[in-house]
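K.L.:
Structure file upload29.cif (mmCIF, C-alpha atoms) is given on the next line.
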data_model
loop_
_atom_site.group_PDB
_atom_site.id
_atom_site.type_symbol
_atom_site.label_atom_id
_atom_site.label_comp_id
_atom_site.auth_asym_id
_atom_site.auth_seq_id
_atom_site.Cartn_x
_atom_site.Cartn_y
_atom_site.Cartn_z
ATOM 1 C CA MET Y 812 92.507 121.803 68.924
ATOM 2 C CA LYS Y 813 91.367 123.854 65.886
ATOM 3 C CA LYS Y 814 93.914 122.114 63.663
ATOM 4 C CA PHE Y 815 92.167 118.794 64.408
ATOM 5 C CA LEU Y 816 88.632 120.094 64.015
ATOM 6 C CA ILE Y 817 88.712 120.800 60.237
ATOM 7 C CA PRO Y 818 90.011 117.344 59.156
ATOM 8 C CA SER Y 819 87.683 115.698 61.661
ATOM 9 C CA LEU Y 820 84.664 117.578 60.322
ATOM 10 C CA ALA Y 821 85.631 116.598 56.763
ATOM 11 C CA LEU Y 822 85.854 112.932 57.802
ATOM 12 C CA PHE Y 823 82.517 113.241 59.616
ATOM 13 C CA ALA Y 824 80.860 114.684 56.489
ATOM 14 C CA PHE Y 825 82.261 111.817 54.397
ATOM 15 C CA VAL Y 826 80.979 109.147 56.758
ATOM 16 C CA SER Y 827 77.656 110.729 57.677
ATOM 17 C CA ASN Y 828 76.654 111.190 54.016
ATOM 18 C CA GLY Y 829 77.072 107.462 53.487
ATOM 19 C CA PHE Y 830 75.910 105.847 50.304
ATOM 20 C CA SER Y 831 72.279 105.652 49.304
ATOM 21 C CA TYR Y 832 70.937 102.255 48.248
ATOM 22 C CA THR Y 833 67.499 101.180 47.123
ATOM 23 C CA ALA Y 834 65.692 98.651 49.292
ATOM 24 C CA LYS Y 835 66.390 95.936 46.704
ATOM 25 C CA GLU Y 836 70.121 96.738 46.521
ATOM 26 C CA LEU Y 837 70.419 96.852 50.309
ATOM 27 C CA ARG Y 838 68.628 93.496 50.691
ATOM 28 C CA ALA Y 839 70.960 91.889 48.127
ATOM 29 C CA GLN Y 840 74.086 93.300 49.824
ATOM 30 C CA SER Y 841 72.847 92.233 53.257
ATOM 31 C CA GLU Y 842 72.035 88.700 52.092
ATOM 32 C CA HIS Y 843 75.482 88.408 50.495
ATOM 33 C CA ALA Y 844 77.202 89.672 53.666
ATOM 34 C CA LEU Y 845 75.266 87.216 55.856
ATOM 35 C CA LYS Y 846 76.196 84.291 53.580
ATOM 36 C CA LYS Y 847 79.836 85.394 53.761
ATOM 37 C CA LEU Y 848 79.687 85.516 57.579
ATOM 38 C CA TYR Y 849 78.099 82.045 57.733
ATOM 39 C CA SER Y 850 80.731 80.574 55.400
ATOM 40 C CA HIS Y 851 83.585 81.859 57.587
ATOM 41 C CA ASN Y 852 82.105 81.467 61.068
ATOM 42 C CA ALA Y 853 80.370 78.290 62.247
ATOM 43 C CA GLY Y 854 79.181 79.975 65.460
ATOM 44 C CA ALA Y 855 77.339 82.634 63.489
ATOM 45 C CA ARG Y 856 75.716 79.967 61.324
ATOM 46 C CA VAL Y 857 74.476 78.109 64.435
ATOM 47 C CA LEU Y 858 73.104 81.363 65.884
ATOM 48 C CA GLY Y 859 71.387 82.172 62.597
ATOM 49 C CA GLU Y 860 69.514 78.872 62.726
ATOM 50 C CA LYS Y 861 68.226 79.628 66.247
ATOM 51 C CA ALA Y 862 67.709 83.415 66.069
ATOM 52 C CA LEU Y 863 64.281 85.025 65.826
ATOM 53 C CA ALA Y 864 65.769 87.712 63.570
ATOM 54 C CA VAL Y 865 69.135 88.895 62.234
ATOM 55 C CA LEU Y 866 70.004 92.536 61.543
ATOM 56 C CA VAL Y 867 72.816 92.786 58.960
ATOM 57 C CA PHE Y 868 74.856 95.885 58.143
ATOM 58 C CA PRO Y 869 76.868 94.926 55.032
ATOM 59 C CA GLU Y 870 78.920 98.131 54.784
ATOM 60 C CA VAL Y 871 79.684 100.388 57.730
ATOM 61 C CA TYR Y 872 82.171 103.182 57.111
ATOM 62 C CA LYS Y 873 84.186 104.642 59.960
ATOM 63 C CA ALA Y 874 86.584 107.586 59.802
ATOM 64 C CA GLY Y 875 88.288 109.573 62.492
ATOM 65 C CA PHE Y 876 91.040 111.921 63.451
ATOM 66 C CA ILE Y 877 90.576 112.809 67.126
ATOM 67 C CA PHE Y 878 86.827 113.162 66.350
ATOM 68 C CA GLY Y 879 85.267 110.271 64.464
ATOM 69 C CA ALA Y 880 82.040 109.006 62.961
ATOM 70 C CA GLN Y 881 80.610 105.865 61.456
ATOM 71 C CA ARG Y 882 77.521 105.080 59.400
ATOM 72 C CA GLY Y 883 75.899 102.208 57.524
ATOM 73 C CA ASP Y 884 72.517 100.854 56.426
ATOM 74 C CA GLY Y 885 71.148 97.376 57.001
ATOM 75 C CA VAL Y 886 68.262 94.952 56.814
ATOM 76 C CA LEU Y 887 66.443 93.045 59.555
ATOM 77 C CA PHE Y 888 65.713 89.500 58.352
ATOM 78 C CA LYS Y 889 62.992 87.471 60.034
ATOM 79 C CA GLY Y 890 62.031 84.071 58.673
ATOM 80 C CA GLY Y 891 64.282 84.661 55.661
ATOM 81 C CA SER Y 892 62.440 87.826 54.575
ATOM 82 C CA ALA Y 893 63.192 91.513 55.014
ATOM 83 C CA ALA Y 894 61.257 92.723 58.064
ATOM 84 C CA GLY Y 895 62.667 96.247 58.303
ATOM 85 C CA TYR Y 896 65.473 98.617 57.392
ATOM 86 C CA TYR Y 897 67.832 100.267 59.861
ATOM 87 C CA ASN Y 898 70.875 102.482 59.899
ATOM 88 C CA THR Y 899 73.743 102.527 62.340
ATOM 89 C CA THR Y 900 75.572 105.690 63.360
ATOM 90 C CA ALA Y 901 78.188 106.529 65.940
ATOM 91 C CA ALA Y 902 80.297 109.463 66.969
ATOM 92 C CA SER Y 903 83.508 109.190 68.909
ATOM 93 C CA TYR Y 904 86.170 111.310 70.508
ATOM 94 C CA GLY Y 905 89.622 110.253 71.605
ATOM 95 C CA PHE Y 906 93.018 109.180 70.375
ATOM 96 C CA GLN Y 907 92.119 107.769 66.953
ATOM 97 C CA ALA Y 908 93.040 108.127 63.299
ATOM 98 C CA GLY Y 909 92.138 106.331 60.088
ATOM 99 C CA VAL Y 910 89.405 105.131 57.764
ATOM 100 C CA ALA Y 911 87.844 101.673 57.792
ATOM 101 C CA LYS Y 912 84.960 99.679 56.353
ATOM 102 C CA PHE Y 913 83.423 96.680 58.098
ATOM 103 C CA SER Y 914 80.245 94.623 58.366
ATOM 104 C CA TYR Y 915 78.332 93.480 61.382
ATOM 105 C CA ALA Y 916 75.320 91.366 62.230
ATOM 106 C CA LEU Y 917 73.113 91.335 65.325
ATOM 107 C CA PHE Y 918 71.365 88.058 66.188
ATOM 108 C CA PHE Y 919 68.173 88.505 68.237
ATOM 109 C CA MET Y 920 67.601 85.358 70.267
ATOM 110 C CA ASP Y 921 64.410 86.248 72.154
ATOM 111 C CA SER Y 922 61.235 88.309 71.756
ATOM 112 C CA ALA Y 923 62.221 90.802 74.462
ATOM 113 C CA SER Y 924 65.426 91.730 72.618
ATOM 114 C CA LEU Y 925 63.643 92.045 69.287
ATOM 115 C CA ASP Y 926 60.863 94.133 70.881
ATOM 116 C CA TYR Y 927 63.534 96.405 72.374
ATOM 117 C CA LEU Y 928 64.834 97.086 68.857
ATOM 118 C CA ARG Y 929 61.394 97.741 67.401
ATOM 119 C CA LYS Y 930 60.056 99.924 70.221
ATOM 120 C CA SER Y 931 63.126 101.976 71.056
ATOM 121 C CA ASP Y 932 63.639 105.358 69.469
ATOM 122 C CA GLY Y 933 67.196 104.587 68.464
ATOM 123 C CA PHE Y 934 68.553 101.320 69.809
ATOM 124 C CA GLU Y 935 71.838 102.081 71.590
ATOM 125 C CA LEU Y 936 74.257 99.159 71.483
ATOM 126 C CA GLY Y 937 75.834 100.151 74.782
ATOM 127 C CA GLY Y 938 72.410 100.052 76.443
ATOM 128 C CA VAL Y 939 71.165 96.766 75.004
ATOM 129 C CA PRO Y 940 70.270 94.222 77.650
ATOM 130 C CA SER Y 941 72.322 91.049 77.240
ATOM 131 C CA LEU Y 942 74.488 92.159 74.278
ATOM 132 C CA ILE Y 943 77.334 89.705 73.639
ATOM 133 C CA VAL Y 944 80.088 90.540 71.149
ATOM 134 C CA ALA Y 945 81.218 87.232 69.658
ATOM 135 C CA ASP Y 946 84.680 86.425 68.324
ATOM 136 C CA LYS Y 947 85.900 83.693 65.950
ATOM 137 C CA GLY Y 948 86.297 81.111 68.725
ATOM 138 C CA PHE Y 949 82.775 81.734 69.952
ATOM 139 C CA GLY Y 950 81.260 78.661 68.243
ATOM 140 C CA LYS Y 951 83.203 76.300 70.500
ATOM 141 C CA SER Y 952 81.244 77.428 73.581
ATOM 142 C CA LEU Y 953 77.742 77.244 72.104
ATOM 143 C CA SER Y 954 75.042 74.985 73.481
ATOM 144 C CA THR Y 955 71.256 74.913 73.359
ATOM 145 C CA THR Y 956 71.110 76.569 76.786
ATOM 146 C CA THR Y 957 73.453 79.449 75.886
ATOM 147 C CA LEU Y 958 71.491 80.385 72.742
ATOM 148 C CA GLN Y 959 68.181 81.336 74.284
ATOM 149 C CA LYS Y 960 68.402 85.009 75.259
ATOM 150 C CA GLY Y 961 69.909 88.311 74.330
ATOM 151 C CA VAL Y 962 71.596 89.791 71.288
ATOM 152 C CA TYR Y 963 74.825 88.485 69.776
ATOM 153 C CA ALA Y 964 77.006 90.760 67.628
ATOM 154 C CA PHE Y 965 79.512 89.595 65.022
ATOM 155 C CA PHE Y 966 81.899 92.019 63.307
ATOM 156 C CA PHE Y 967 83.469 90.837 60.042
ATOM 157 C CA SER Y 968 84.985 91.842 56.668
ATOM 158 C CA GLN Y 969 87.142 94.624 58.104
ATOM 159 C CA GLU Y 970 89.093 96.691 55.557
ATOM 160 C CA GLY Y 971 91.231 99.779 55.995
ATOM 161 C CA LEU Y 972 93.189 101.017 58.952
ATOM 162 C CA MET Y 973 91.726 102.565 62.073
ATOM 163 C CA ALA Y 974 93.847 102.868 65.158
ATOM 164 C CA GLY Y 975 93.445 104.354 68.578
ATOM 165 C CA PHE Y 976 91.266 104.529 71.639
ATOM 166 C CA SER Y 977 87.925 106.277 71.673
ATOM 167 C CA ILE Y 978 84.685 106.696 73.572
ATOM 168 C CA GLU Y 979 81.768 105.972 71.319
ATOM 169 C CA GLY Y 980 78.091 105.170 71.329
ATOM 170 C CA THR Y 981 76.498 103.297 68.460
ATOM 171 C CA LYS Y 982 72.859 103.928 67.671
ATOM 172 C CA VAL Y 983 70.638 101.790 65.441
ATOM 173 C CA SER Y 984 67.511 103.502 64.080
ATOM 174 C CA LYS Y 985 64.720 102.465 61.749
ATOM 175 C CA TYR Y 986 64.574 104.163 58.337
ATOM 176 C CA THR Y 987 62.973 103.790 54.915
ATOM 177 C CA PRO Y 988 65.278 103.332 51.895
ATOM 178 C CA SER Y 989 64.303 104.511 48.429
ATOM 179 C CA ASN Y 990 62.575 102.002 46.170
#
Show how you would write the structure in this file as structure tokens.
P.N.:
Amino acid sequence: MKKFLIPSLALFAFVSNGFSYTAKELRAQSEHALKKLYSHNAGARVLGEKALAVLVFPEVYKAGFIFGAQRGDGVLFKGGSAAGYYNTTAASYGFQAGVAKFSYALFFMDSASLDYLRKSDGFELGGVPSLIVADKGFGKSLSTTTLQKGVYAFFFSQEGLMAGFSIEGTKVSKYTPSN
């Protein structure tokens, strides 16, 4: 087990340090990522039109070798403006190896879901009431009645190679970027 711990700790240090962006840079990256998602996924575009708010993480880095970690920073958009800044972190353990970068967006469809994000001390994705992870074919099943509650997650722009099975918990926490 010791032979896995050193490379895993090195990967964890790489991911947990992340990259520091100013608020302006992070807003620009998040807006660009959201436009990219909308241009490639009609279901996401429909959700964006109906959502109360959208939390976008333009660059999330994940690395692992037995032990793994991921980290990224993002912006909560409400009414087209930045309404807050958040980071996402996760730790995992299991059969896994690799390094990857991806983006994801969370669409908050009702006040209760958005309040849960704002009031929780670290929003845990596994514990979110009514979290739905959407895939590319998701837009075909949308209707005005299915878009009223909960949180919808879209993962996109995956790069790199990460393989294996793991147990992980993703936490989203509020933070203040540099100006």
K.L.:
To one decimal place, how far is CA of Phe868 in chain Y from CA of Arg882 in chain Y in Å?
P.N.:
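Between CA of Phe868 in chain Y and CA of Arg882 in chain Y the gap is 9.7 Å.
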K.L.:
Would you work out the distance separating CA of Phe919 in chain Y from CA of Met973 in chain Y, expressed in Å to one decimal?
P.N.:
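Taking CA of Phe919 in chain Y as the start and CA of Met973 in chain Y as the end point, the length is 28.1 Å.
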K.L.:
If you count only C-alpha atoms, which residues fall within 6 Å of Thr899 in chain Y, apart from same-chain ones fewer than 2 positions away, as an NGL selection string?
P.N.:
:Y and (882-883 or 982-983)
K.L.:
Quick one: of Y:Phe913, Y:Lys930, Y:Thr833, Y:Phe967, who's nearest to Ser850 in chain Y, counting all atoms listed in the file?
P.N.:
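Smallest distance to Ser850 in chain Y is found for Y:Phe967.
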K.L.:
Just to confirm, what's the straight-line distance from CA of Tyr963 in chain Y to CA of Thr987 in chain Y in Å (one decimal)?
P.N.:
24.4 Å
K.L.:
Write out as a PyMOL selection string which residues come within 12 Å of Asp932 in chain Y when counting only C-alpha atoms, dropping same-chain ones fewer than 3 positions away.
P.N.:
chain Y and resi 897+926-929+935+982-986
K.L.:
Fewer than 6 positions away in the same chain doesn't count, so skip those; otherwise give me all residues within 7 Å of range 841-846 of chain Y, counting only C-alpha atoms, as a PDB file with C-alpha atoms, in the frame of the given file.
P.N.:
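See result_24.pdb below for the written result:
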ATOM      1  CA  VAL Y 867      72.816  92.786  58.960  1.00  0.00           C
ATOM      2  CA  PHE Y 868      74.856  95.885  58.143  1.00  0.00           C
ATOM      3  CA  PRO Y 869      76.868  94.926  55.032  1.00  0.00           C
ATOM      4  CA  GLY Y 885      71.148  97.376  57.001  1.00  0.00           C
ATOM      5  CA  VAL Y 886      68.262  94.952  56.814  1.00  0.00           C
TER       6      VAL Y 886
END
K.L.:
Could you list, as a list in words, every residue matched by the PyMOL selection byres ((chain Y and resi 903) around 9) in this structure?
P.N.:
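When the PyMOL selection byres ((chain Y and resi 903) around 9) is applied to the shown file, the picked residues are Gly875, Ile877, Phe878, Gly879, Ala880, Gln881, Ala901, Ala902, Tyr904, Gly905, Gln907, Ser977, Ile978, Glu979 and Gly980 of chain Y.
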K.L.:
Translate the PyMOL selection byres ((chain Y and resi 892) around 12), as applied to the file shown, into an explicit residue set as a list in words.
P.N.:
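Output of the PyMOL selection byres ((chain Y and resi 892) around 12): Lys835, Arg838, Ala839, Ser841, Glu842, Leu863, Ala864, Val865, Leu866, Val886, Leu887, Phe888, Lys889, Gly890, Gly891, Ala893, Ala894, Gly895 and Tyr896 of chain Y.
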K.L.:
With all atoms listed in the file as the atoms that count, which of Y:Val962, Y:Thr981, Y:Ser831, Y:Asp921 lies nearest to Gly933 in chain Y?
P.N.:
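Comparing Y:Val962, Y:Thr981, Y:Ser831, Y:Asp921 against Gly933 in chain Y, the winner is Y:Thr981.
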K.L.:
When distances are computed from all atoms listed in the file, which of Y:Ala834, Y:Ala874, Y:Ala923, Y:Ala916 shows the smallest separation from Lys847 in chain Y?
P.N.:
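Under the stated criterion, the closest residue is Y:Ala916.
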K.L.:
Written as number ranges by chain, which residues does the PyMOL selection byres ((chain Y and resi 911) around 6) give for the file shown?
P.N.:
Y: 872-873, 910, 912, 970-973
K.L.:
Take the point (70.1, 103.3, 53.0) as written in the file and pick out every residue within 6 Å of it, counting all atoms listed in the file; give the list as a VMD selection string.
P.N.:
chain Y and resid 831 to 832 884 988
K.L.:
My list of candidates is Y:Met920, Y:Ala862, Y:Leu925, Y:Val871. Which is closest to Thr900 in chain Y when distances are computed with all atoms listed in the file?
P.N.:
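Nearest to Thr900 in chain Y: Y:Val871.
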K.L.:
Find the residue from Y:Gly909, Y:Asn852, Y:Asn898, Y:Lys861 that sits nearest to Ser968 in chain Y; use all atoms listed in the file when measuring.
P.N.:
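Once distances to Ser968 in chain Y are computed over all atoms listed in the file, the minimum belongs to Y:Asn852.
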